[in-house]
Amino acid sequence: MKNIKVVIGANFGDEGKGLMTDYLSSTLNNGIVVRFNGGAQAGHTVVTPNGHRHVFGHFGSGSFLGLPTYLSRFFVVNPITYIKEFNSLKSKNVKPAVFIDKDCYVTTPYDMIINQMAEMVRGRNKHGSCGLGFNETIQRSISKNCFKLTVEDLKNEALVRKVLKNIKDLYLQKRLMELGIDNIPDMFLDIISSKEIIENYLLDIKNMLHTITVTNLKILNSYDDVLFEGAQGLLLDQNHEFFPHVTRSNTGMKNVNELIKEAGYSMENVEIVYATRAYMTRHGAGPFPNELETKPYEKIEDLTNIPNPYQDTLRFGLLDLDLLSKTIQNDLLNVKGLKYKIKISISCLDQLDEKIDYYYNSNKMKTSVGNFIKNVFKAIDVSEGYLSYGDSRETIKNIIYSLN
């Protein structure tokens, strides 16, 4: 019997998914972390009890604890950022075991260039992308087979060179025109024409292949416990009403449900943990209900979401428990044929004042932190969950509430 857990962000991302994955990883036996969506643009922060810190992109947030990572076919692999992160982890005495599905799409330098140019040209109409080419990789891969690269293809350097040439000669200009970019900014012209960028990319691929095992979903059969780690949040799901200010990904249970059934685990009990901060954040452009002009509490400190040219600065808002409940209930429509139990995790509780502002039952509330927590559990209709009072797993409390 498999022990299956899922961590899903319930808002715009940055809800403490890395923290919860690290905590749950510490409870597993013979476990593996599965990344079921997203790609290198994920930024899941883990701080160990002894102070080691890493922002995970390609690797599962159980890596500090020695858990291997499986990048499912829904994950987009970026060899450039992968090898940088691998070396960063190596410098922290972490050498993660990584299994990558052979059918994963692969990002090229051209995808990143197109992405960054598009966001620059949009100006005030930015979509909120972080500039790593995630959406562009998918768009290119589904356009024509001659432009598609998968992890399996990376073993053939001649094929990779051919696809890169096709992208540069036949796809790049056409895609830029589709995005309304008539003139390539000078800062990108030299990069596009550079032979060095291709050779460096091929070297990154070569180095990456030495550190991974190319496989498929059957790898999960070797493990007793499976922990699915989501990227981004439900309000960024590609089918959400906030389109186009979303990610091109299924951020909730849709992909997980599909992978569980394909692996033959549909009869197992699944624990789904929906993660939220005690307030809301959004890093990037787009709609933001209950947004504030400044951060709501002075003790808030975020070292991960630093300002950048594509997402600008981190935005803050008040948590709306009605929206949170609705969002989770909508995601549970994707859980068909599974036996499951849901829990809630609330992070950043150590950053609050004695009283906390939030919305509940269409009213703005200001209550004690204790009453806020109880109202979160009531709004989601759960009796169990996790409370985080710091940045590492040792600050998390597993609690049970009686809602009667």
# chains A, B, ... in the order shown; residues from 1 in each chain; ligands from 1

call {"tool": "residues_around", "arguments": {"residues": "region 329-342 of chain A", "least_positions_apart": "2", "cutoff": "8 Å", "atoms": "only C-alpha atoms", "output": "number ranges by chain"}}
result
A: 234, 252-254, 257, 266-274, 325-327, 344, 382

call {"tool": "write_last_selection", "arguments": {"atoms": "C-alpha atoms", "output": "PDB file, in the first residue's frame"}}
result
ATOM      1  CA  LEU A 234      -4.654  27.526  -7.642  1.00  0.00           C
ATOM      2  CA  GLY A 252      -4.075  21.578  -8.543  1.00  0.00           C
ATOM      3  CA  MET A 253      -5.295  17.991  -8.432  1.00  0.00           C
ATOM      4  CA  LYS A 254      -5.916  17.491 -12.159  1.00  0.00           C
ATOM      5  CA  ASN A 257      -5.211  12.542 -10.262  1.00  0.00           C
ATOM      6  CA  SER A 266      -6.293   4.989  -7.396  1.00  0.00           C
ATOM      7  CA  MET A 267      -7.464   2.774  -4.517  1.00  0.00           C
ATOM      8  CA  GLU A 268      -5.024   4.286  -2.016  1.00  0.00           C
ATOM      9  CA  ASN A 269      -5.919   6.961   0.524  1.00  0.00           C
ATOM     10  CA  VAL A 270      -4.613  10.395  -0.475  1.00  0.00           C
ATOM     11  CA  GLU A 271      -3.893  13.267   1.917  1.00  0.00           C
ATOM     12  CA  ILE A 272      -4.238  16.635   0.166  1.00  0.00           C
ATOM     13  CA  VAL A 273      -2.669  19.586   1.968  1.00  0.00           C
ATOM     14  CA  TYR A 274      -3.767  23.013   0.724  1.00  0.00           C
ATOM     15  CA  SER A 325     -12.905  27.937   0.412  1.00  0.00           C
ATOM     16  CA  LYS A 326     -14.329  28.439  -3.073  1.00  0.00           C
ATOM     17  CA  THR A 327     -10.923  27.904  -4.684  1.00  0.00           C
ATOM     18  CA  ILE A 344      -4.938  22.982   5.489  1.00  0.00           C
ATOM     19  CA  VAL A 382     -11.443  20.559   7.904  1.00  0.00           C
TER      20      VAL A 382
END

call {"tool": "closest_atom_pairs", "arguments": {"of": "region 231-322 of chain A", "to": "region 32-39 of chain A", "cutoff": "9 Å", "atoms": "only C-alpha atoms", "output": "CSV"}}
result
residue,atom,partner,partner_atom,distance
A:Ala231,CA,A:Gly38,CA,5.7
A:Gln232,CA,A:Gly38,CA,7.4
A:Thr247,CA,A:Gly38,CA,8.2
A:Arg248,CA,A:Gly38,CA,8.0
A:Ser249,CA,A:Gly38,CA,6.2
A:Asn250,CA,A:Asn37,CA,6.6
A:Thr251,CA,A:Asn37,CA,6.5
A:Gly252,CA,A:Asn37,CA,8.8
A:Asn255,CA,A:Phe36,CA,6.4
A:Val256,CA,A:Phe36,CA,6.5
A:Leu259,CA,A:Phe36,CA,8.2

call {"tool": "write_last_selection", "arguments": {"atoms": "N, CA and C atoms", "output": "PDB file, in the first residue's frame"}}
result
ATOM      1  N   ALA A 231       3.527  23.360  -7.815  1.00  0.00           N
ATOM      2  CA  ALA A 231       4.187  24.641  -8.049  1.00  0.00           C
ATOM      3  C   ALA A 231       3.129  25.691  -8.370  1.00  0.00           C
ATOM      4  N   GLN A 232       3.460  26.953  -8.071  1.00  0.00           N
ATOM      5  CA  GLN A 232       2.516  28.059  -8.203  1.00  0.00           C
ATOM      6  C   GLN A 232       1.276  27.795  -7.326  1.00  0.00           C
ATOM      7  N   THR A 247      -0.359  30.910 -15.031  1.00  0.00           N
ATOM      8  CA  THR A 247       0.709  30.079 -15.573  1.00  0.00           C
ATOM      9  C   THR A 247       0.107  29.028 -16.498  1.00  0.00           C
ATOM     10  N   ARG A 248       0.881  28.547 -17.443  1.00  0.00           N
ATOM     11  CA  ARG A 248       0.366  27.546 -18.381  1.00  0.00           C
ATOM     12  C   ARG A 248       0.524  26.162 -17.765  1.00  0.00           C
ATOM     13  N   SER A 249      -0.279  25.910 -16.767  1.00  0.00           N
ATOM     14  CA  SER A 249      -0.104  24.685 -15.993  1.00  0.00           C
ATOM     15  C   SER A 249      -1.363  24.396 -15.197  1.00  0.00           C
ATOM     16  N   ASN A 250      -1.602  23.111 -14.937  1.00  0.00           N
ATOM     17  CA  ASN A 250      -2.641  22.694 -13.999  1.00  0.00           C
ATOM     18  C   ASN A 250      -2.006  22.653 -12.615  1.00  0.00           C
ATOM     19  N   THR A 251      -2.359  23.605 -11.772  1.00  0.00           N
ATOM     20  CA  THR A 251      -1.653  23.768 -10.508  1.00  0.00           C
ATOM     21  C   THR A 251      -2.259  22.973  -9.353  1.00  0.00           C
ATOM     22  N   GLY A 252      -3.414  22.330  -9.601  1.00  0.00           N
ATOM     23  CA  GLY A 252      -4.075  21.578  -8.543  1.00  0.00           C
ATOM     24  C   GLY A 252      -4.089  20.085  -8.778  1.00  0.00           C
ATOM     25  N   ASN A 255      -3.540  17.123 -12.587  1.00  0.00           N
ATOM     26  CA  ASN A 255      -2.381  16.314 -12.981  1.00  0.00           C
ATOM     27  C   ASN A 255      -2.120  15.192 -11.996  1.00  0.00           C
ATOM     28  N   VAL A 256      -2.269  15.500 -10.711  1.00  0.00           N
ATOM     29  CA  VAL A 256      -2.016  14.486  -9.676  1.00  0.00           C
ATOM     30  C   VAL A 256      -2.956  13.306  -9.853  1.00  0.00           C
ATOM     31  N   LEU A 259      -1.804  11.179 -12.757  1.00  0.00           N
ATOM     32  CA  LEU A 259      -0.590  10.406 -12.478  1.00  0.00           C
ATOM     33  C   LEU A 259      -0.867   9.259 -11.509  1.00  0.00           C
TER      34      LEU A 259
END

call {"tool": "residues_around", "arguments": {"residues": "region 103-116 of chain A", "least_positions_apart": "5", "cutoff": "9 Å", "atoms": "only C-alpha atoms", "output": "PyMOL selection string"}}
result
chain A and resi 71-80+121+129-138+140-141+148-154+164+167-168+172+175-176+188+191-192+197-198+201+215-216+310

call {"tool": "select_by_dssp", "arguments": {"residues": "region 16-227 of chain A", "states": "strand (DSSP E)", "output": "PyMOL selection string"}}
result
chain A and resi 31-35+44-47+53-56+69-71+98-101+212-215+225-227

call {"tool": "closest_residue", "arguments": {"among": "A:Asn207, A:Asn156, A:Asn166, A:Gln139", "to": "Phe86 (chain A)", "atoms": "only C-alpha atoms"}}
result
A:Asn207

call {"tool": "residues_around", "arguments": {"residues": "region 288-290 of chain A", "least_positions_apart": "5", "cutoff": "10 Å", "atoms": "only C-alpha atoms", "output": "VMD selection string"}}
result
chain A and resid 12 235 242 280 to 282 315 to 320 323 358 to 359

call {"tool": "select_by_dssp", "arguments": {"residues": "region 130-284 of chain A", "states": "helix (DSSP H, G or I)", "output": "ChimeraX atom specification"}}
result
/A:134-143,145-147,152-155,157-178,186-193,195-209,217-222,234-236,253-263

call {"tool": "closest_residue", "arguments": {"among": "A:Ile212, A:Ala42, A:Val7, A:Leu202", "to": "Lys102 (chain A)", "atoms": "only C-alpha atoms"}}
result
A:Ile212

call {"tool": "residues_around", "arguments": {"residues": "Ala278 (chain A)", "least_positions_apart": "3", "cutoff": "7 Å", "atoms": "only C-alpha atoms", "output": "list of chain:residue names"}}
result
A:Leu319, A:Ile346, A:Ser347, A:Cys348, A:Leu349

call {"tool": "write_last_selection", "arguments": {"atoms": "C-alpha atoms", "output": "tab-separated table (two decimals), in the first residue's frame"}}
result
chain	number	residue	atom	x	y	z
A	319	LEU	CA	-6.65	36.65	3.10
A	346	ILE	CA	-1.10	28.05	7.38
A	347	SER	CA	2.36	29.58	7.23
A	348	CYS	CA	3.88	32.87	8.44
A	349	LEU	CA	1.90	32.87	11.71

call {"tool": "closest_atom_pairs", "arguments": {"of": "region 169-271 of chain A", "to": "region 17-28 of chain A", "cutoff": "9 Å", "atoms": "only C-alpha atoms", "output": "CSV"}}
result
residue,atom,partner,partner_atom,distance
A:Asp224,CA,A:Leu28,CA,8.6
A:Asp225,CA,A:Leu28,CA,6.2
A:Val226,CA,A:Leu28,CA,8.4
A:Leu227,CA,A:Ser25,CA,7.5
A:Phe228,CA,A:Thr21,CA,8.5
A:Glu229,CA,A:Thr21,CA,6.7
A:Gly230,CA,A:Lys17,CA,7.4
A:Ala231,CA,A:Lys17,CA,7.8
A:Gln232,CA,A:Lys17,CA,8.9

call {"tool": "write_last_selection", "arguments": {"atoms": "all heavy atoms", "output": "mmCIF file, in the first residue's frame"}}
result
data_model
loop_
_atom_site.group_PDB
_atom_site.id
_atom_site.type_symbol
_atom_site.label_atom_id
_atom_site.label_comp_id
_atom_site.auth_asym_id
_atom_site.auth_seq_id
_atom_site.Cartn_x
_atom_site.Cartn_y
_atom_site.Cartn_z
ATOM 1 N N ASP A 224 7.766 3.425 -1.183
ATOM 2 C CA ASP A 224 6.562 3.164 -0.383
ATOM 3 C C ASP A 224 5.712 4.419 -0.221
ATOM 4 O O ASP A 224 4.481 4.345 -0.211
ATOM 5 C CB ASP A 224 6.954 2.644 0.998
ATOM 6 C CG ASP A 224 7.709 1.328 0.918
ATOM 7 O OD1 ASP A 224 7.336 0.484 0.075
ATOM 8 O OD2 ASP A 224 8.681 1.151 1.681
ATOM 9 N N ASP A 225 6.374 5.562 -0.055
ATOM 10 C CA ASP A 225 5.678 6.822 0.175
ATOM 11 C C ASP A 225 5.925 7.771 -0.993
ATOM 12 O O ASP A 225 7.060 7.932 -1.443
ATOM 13 C CB ASP A 225 6.167 7.488 1.462
ATOM 14 C CG ASP A 225 5.858 6.655 2.708
ATOM 15 O OD1 ASP A 225 5.031 5.727 2.603
ATOM 16 O OD2 ASP A 225 6.436 6.938 3.763
ATOM 17 N N VAL A 226 4.853 8.396 -1.480
ATOM 18 C CA VAL A 226 4.948 9.304 -2.625
ATOM 19 C C VAL A 226 4.363 10.656 -2.224
ATOM 20 O O VAL A 226 3.209 10.738 -1.783
ATOM 21 C CB VAL A 226 4.196 8.746 -3.857
ATOM 22 C CG1 VAL A 226 4.333 9.708 -5.034
ATOM 23 C CG2 VAL A 226 4.719 7.359 -4.222
ATOM 24 N N LEU A 227 5.165 11.695 -2.374
ATOM 25 C CA LEU A 227 4.752 13.047 -2.004
ATOM 26 C C LEU A 227 4.742 13.926 -3.253
ATOM 27 O O LEU A 227 5.787 14.193 -3.846
ATOM 28 C CB LEU A 227 5.711 13.615 -0.952
ATOM 29 C CG LEU A 227 5.543 15.074 -0.520
ATOM 30 C CD1 LEU A 227 4.109 15.364 -0.095
ATOM 31 C CD2 LEU A 227 6.524 15.400 0.604
ATOM 32 N N PHE A 228 3.560 14.359 -3.666
ATOM 33 C CA PHE A 228 3.411 15.217 -4.833
ATOM 34 C C PHE A 228 3.552 16.683 -4.406
ATOM 35 O O PHE A 228 2.787 17.157 -3.557
ATOM 36 C CB PHE A 228 2.048 15.003 -5.495
ATOM 37 C CG PHE A 228 1.895 13.672 -6.173
ATOM 38 C CD1 PHE A 228 1.444 12.565 -5.468
ATOM 39 C CD2 PHE A 228 2.196 13.523 -7.516
ATOM 40 C CE1 PHE A 228 1.299 11.336 -6.090
ATOM 41 C CE2 PHE A 228 2.046 12.301 -8.155
ATOM 42 C CZ PHE A 228 1.605 11.199 -7.438
ATOM 43 N N GLU A 229 4.502 17.380 -5.003
ATOM 44 C CA GLU A 229 4.779 18.781 -4.663
ATOM 45 C C GLU A 229 4.341 19.690 -5.805
ATOM 46 O O GLU A 229 4.892 19.640 -6.895
ATOM 47 C CB GLU A 229 6.267 18.974 -4.371
ATOM 48 C CG GLU A 229 6.640 20.411 -4.044
ATOM 49 C CD GLU A 229 8.128 20.589 -3.780
ATOM 50 O OE1 GLU A 229 8.889 19.600 -3.925
ATOM 51 O OE2 GLU A 229 8.541 21.709 -3.434
ATOM 52 N N GLY A 230 3.333 20.527 -5.534
ATOM 53 C CA GLY A 230 2.823 21.424 -6.553
ATOM 54 C C GLY A 230 3.652 22.692 -6.669
ATOM 55 O O GLY A 230 4.371 23.080 -5.751
ATOM 56 N N ALA A 231 3.527 23.360 -7.815
ATOM 57 C CA ALA A 231 4.187 24.641 -8.049
ATOM 58 C C ALA A 231 3.129 25.691 -8.370
ATOM 59 O O ALA A 231 2.064 25.379 -8.898
ATOM 60 C CB ALA A 231 5.189 24.531 -9.195
ATOM 61 N N GLN A 232 3.460 26.953 -8.071
ATOM 62 C CA GLN A 232 2.516 28.059 -8.203
ATOM 63 C C GLN A 232 1.276 27.795 -7.326
ATOM 64 O O GLN A 232 1.359 27.061 -6.365
ATOM 65 C CB GLN A 232 2.125 28.303 -9.669
ATOM 66 C CG GLN A 232 3.253 28.875 -10.536
ATOM 67 C CD GLN A 232 4.250 27.825 -10.983
ATOM 68 O OE1 GLN A 232 3.879 26.779 -11.498
ATOM 69 N NE2 GLN A 232 5.524 28.090 -10.780
#

call {"tool": "atom_distance", "arguments": {"atom1": "CA of Ala285 (chain A)", "atom2": "CA of Leu189 (chain A)"}}
result
26.7 Å

call {"tool": "decode", "arguments": {"residues": "region 248-260 of chain A", "atoms": "all heavy atoms", "output": "short mmCIF file (atom, residue, chain, number, x, y, z; two decimals), in the first residue's frame"}}
result
data_model
loop_
_atom_site.label_atom_id
_atom_site.label_comp_id
_atom_site.auth_asym_id
_atom_site.auth_seq_id
_atom_site.Cartn_x
_atom_site.Cartn_y
_atom_site.Cartn_z
N ARG A 248 0.88 28.55 -17.44
CA ARG A 248 0.37 27.55 -18.38
C ARG A 248 0.52 26.16 -17.76
O ARG A 248 1.34 25.34 -18.19
CB ARG A 248 1.09 27.63 -19.72
CG ARG A 248 0.40 26.81 -20.80
CD ARG A 248 0.84 27.24 -22.16
NE ARG A 248 0.14 26.54 -23.21
CZ ARG A 248 0.21 26.88 -24.49
NH1 ARG A 248 0.93 27.93 -24.87
NH2 ARG A 248 -0.45 26.21 -25.41
N SER A 249 -0.28 25.91 -16.77
CA SER A 249 -0.10 24.69 -15.99
C SER A 249 -1.36 24.40 -15.20
O SER A 249 -2.10 25.31 -14.82
CB SER A 249 1.09 24.86 -15.05
OG SER A 249 1.23 23.76 -14.19
N ASN A 250 -1.60 23.11 -14.94
CA ASN A 250 -2.64 22.69 -14.00
C ASN A 250 -2.01 22.65 -12.62
O ASN A 250 -1.19 21.78 -12.33
CB ASN A 250 -3.19 21.32 -14.37
CG ASN A 250 -3.82 21.31 -15.75
OD1 ASN A 250 -4.59 22.20 -16.10
ND2 ASN A 250 -3.51 20.30 -16.54
N THR A 251 -2.36 23.61 -11.77
CA THR A 251 -1.65 23.77 -10.51
C THR A 251 -2.26 22.97 -9.35
O THR A 251 -1.70 22.95 -8.26
CB THR A 251 -1.62 25.26 -10.11
OG1 THR A 251 -2.98 25.72 -9.96
CG2 THR A 251 -0.92 26.09 -11.18
N GLY A 252 -3.41 22.33 -9.60
CA GLY A 252 -4.08 21.58 -8.54
C GLY A 252 -4.09 20.09 -8.78
O GLY A 252 -3.12 19.50 -9.27
N MET A 253 -5.21 19.45 -8.46
CA MET A 253 -5.29 17.99 -8.43
C MET A 253 -5.45 17.34 -9.80
O MET A 253 -5.36 16.11 -9.89
CB MET A 253 -6.46 17.58 -7.53
CG MET A 253 -6.14 17.63 -6.05
SD MET A 253 -4.78 16.54 -5.55
CE MET A 253 -5.45 14.92 -5.93
N LYS A 254 -5.68 18.09 -10.84
CA LYS A 254 -5.92 17.49 -12.16
C LYS A 254 -4.76 16.59 -12.59
O LYS A 254 -4.95 15.42 -12.94
CB LYS A 254 -6.16 18.58 -13.21
CG LYS A 254 -6.46 18.05 -14.60
CD LYS A 254 -6.80 19.17 -15.56
CE LYS A 254 -6.97 18.69 -16.98
NZ LYS A 254 -8.00 17.65 -17.13
N ASN A 255 -3.54 17.12 -12.59
CA ASN A 255 -2.38 16.31 -12.98
C ASN A 255 -2.12 15.19 -12.00
O ASN A 255 -1.76 14.07 -12.38
CB ASN A 255 -1.13 17.19 -13.09
CG ASN A 255 -1.16 18.12 -14.28
OD1 ASN A 255 -2.07 18.08 -15.10
ND2 ASN A 255 -0.16 18.98 -14.38
N VAL A 256 -2.27 15.50 -10.71
CA VAL A 256 -2.02 14.49 -9.68
C VAL A 256 -2.96 13.31 -9.85
O VAL A 256 -2.54 12.14 -9.80
CB VAL A 256 -2.20 15.09 -8.27
CG1 VAL A 256 -2.00 14.02 -7.20
CG2 VAL A 256 -1.24 16.25 -8.05
N ASN A 257 -4.22 13.60 -10.07
CA ASN A 257 -5.21 12.54 -10.26
C ASN A 257 -4.84 11.65 -11.43
O ASN A 257 -4.91 10.41 -11.36
CB ASN A 257 -6.58 13.18 -10.49
CG ASN A 257 -7.72 12.18 -10.31
OD1 ASN A 257 -7.55 11.13 -9.71
ND2 ASN A 257 -8.89 12.51 -10.84
N GLU A 258 -4.39 12.28 -12.51
CA GLU A 258 -4.02 11.52 -13.71
C GLU A 258 -2.81 10.64 -13.44
O GLU A 258 -2.78 9.46 -13.84
CB GLU A 258 -3.73 12.50 -14.85
CG GLU A 258 -3.60 11.83 -16.20
CD GLU A 258 -3.59 12.85 -17.34
OE1 GLU A 258 -4.16 13.94 -17.19
OE2 GLU A 258 -2.98 12.52 -18.39
N LEU A 259 -1.80 11.18 -12.76
CA LEU A 259 -0.59 10.41 -12.48
C LEU A 259 -0.87 9.26 -11.51
O LEU A 259 -0.35 8.15 -11.69
CB LEU A 259 0.49 11.33 -11.91
CG LEU A 259 1.08 12.35 -12.88
CD1 LEU A 259 1.95 13.37 -12.14
CD2 LEU A 259 1.87 11.67 -13.99
N ILE A 260 -1.68 9.51 -10.50
CA ILE A 260 -2.01 8.47 -9.54
C ILE A 260 -2.72 7.30 -10.23
O ILE A 260 -2.41 6.13 -9.97
CB ILE A 260 -2.89 9.04 -8.40
CG1 ILE A 260 -2.05 9.91 -7.47
CG2 ILE A 260 -3.56 7.91 -7.61
CD1 ILE A 260 -2.85 10.60 -6.38
#
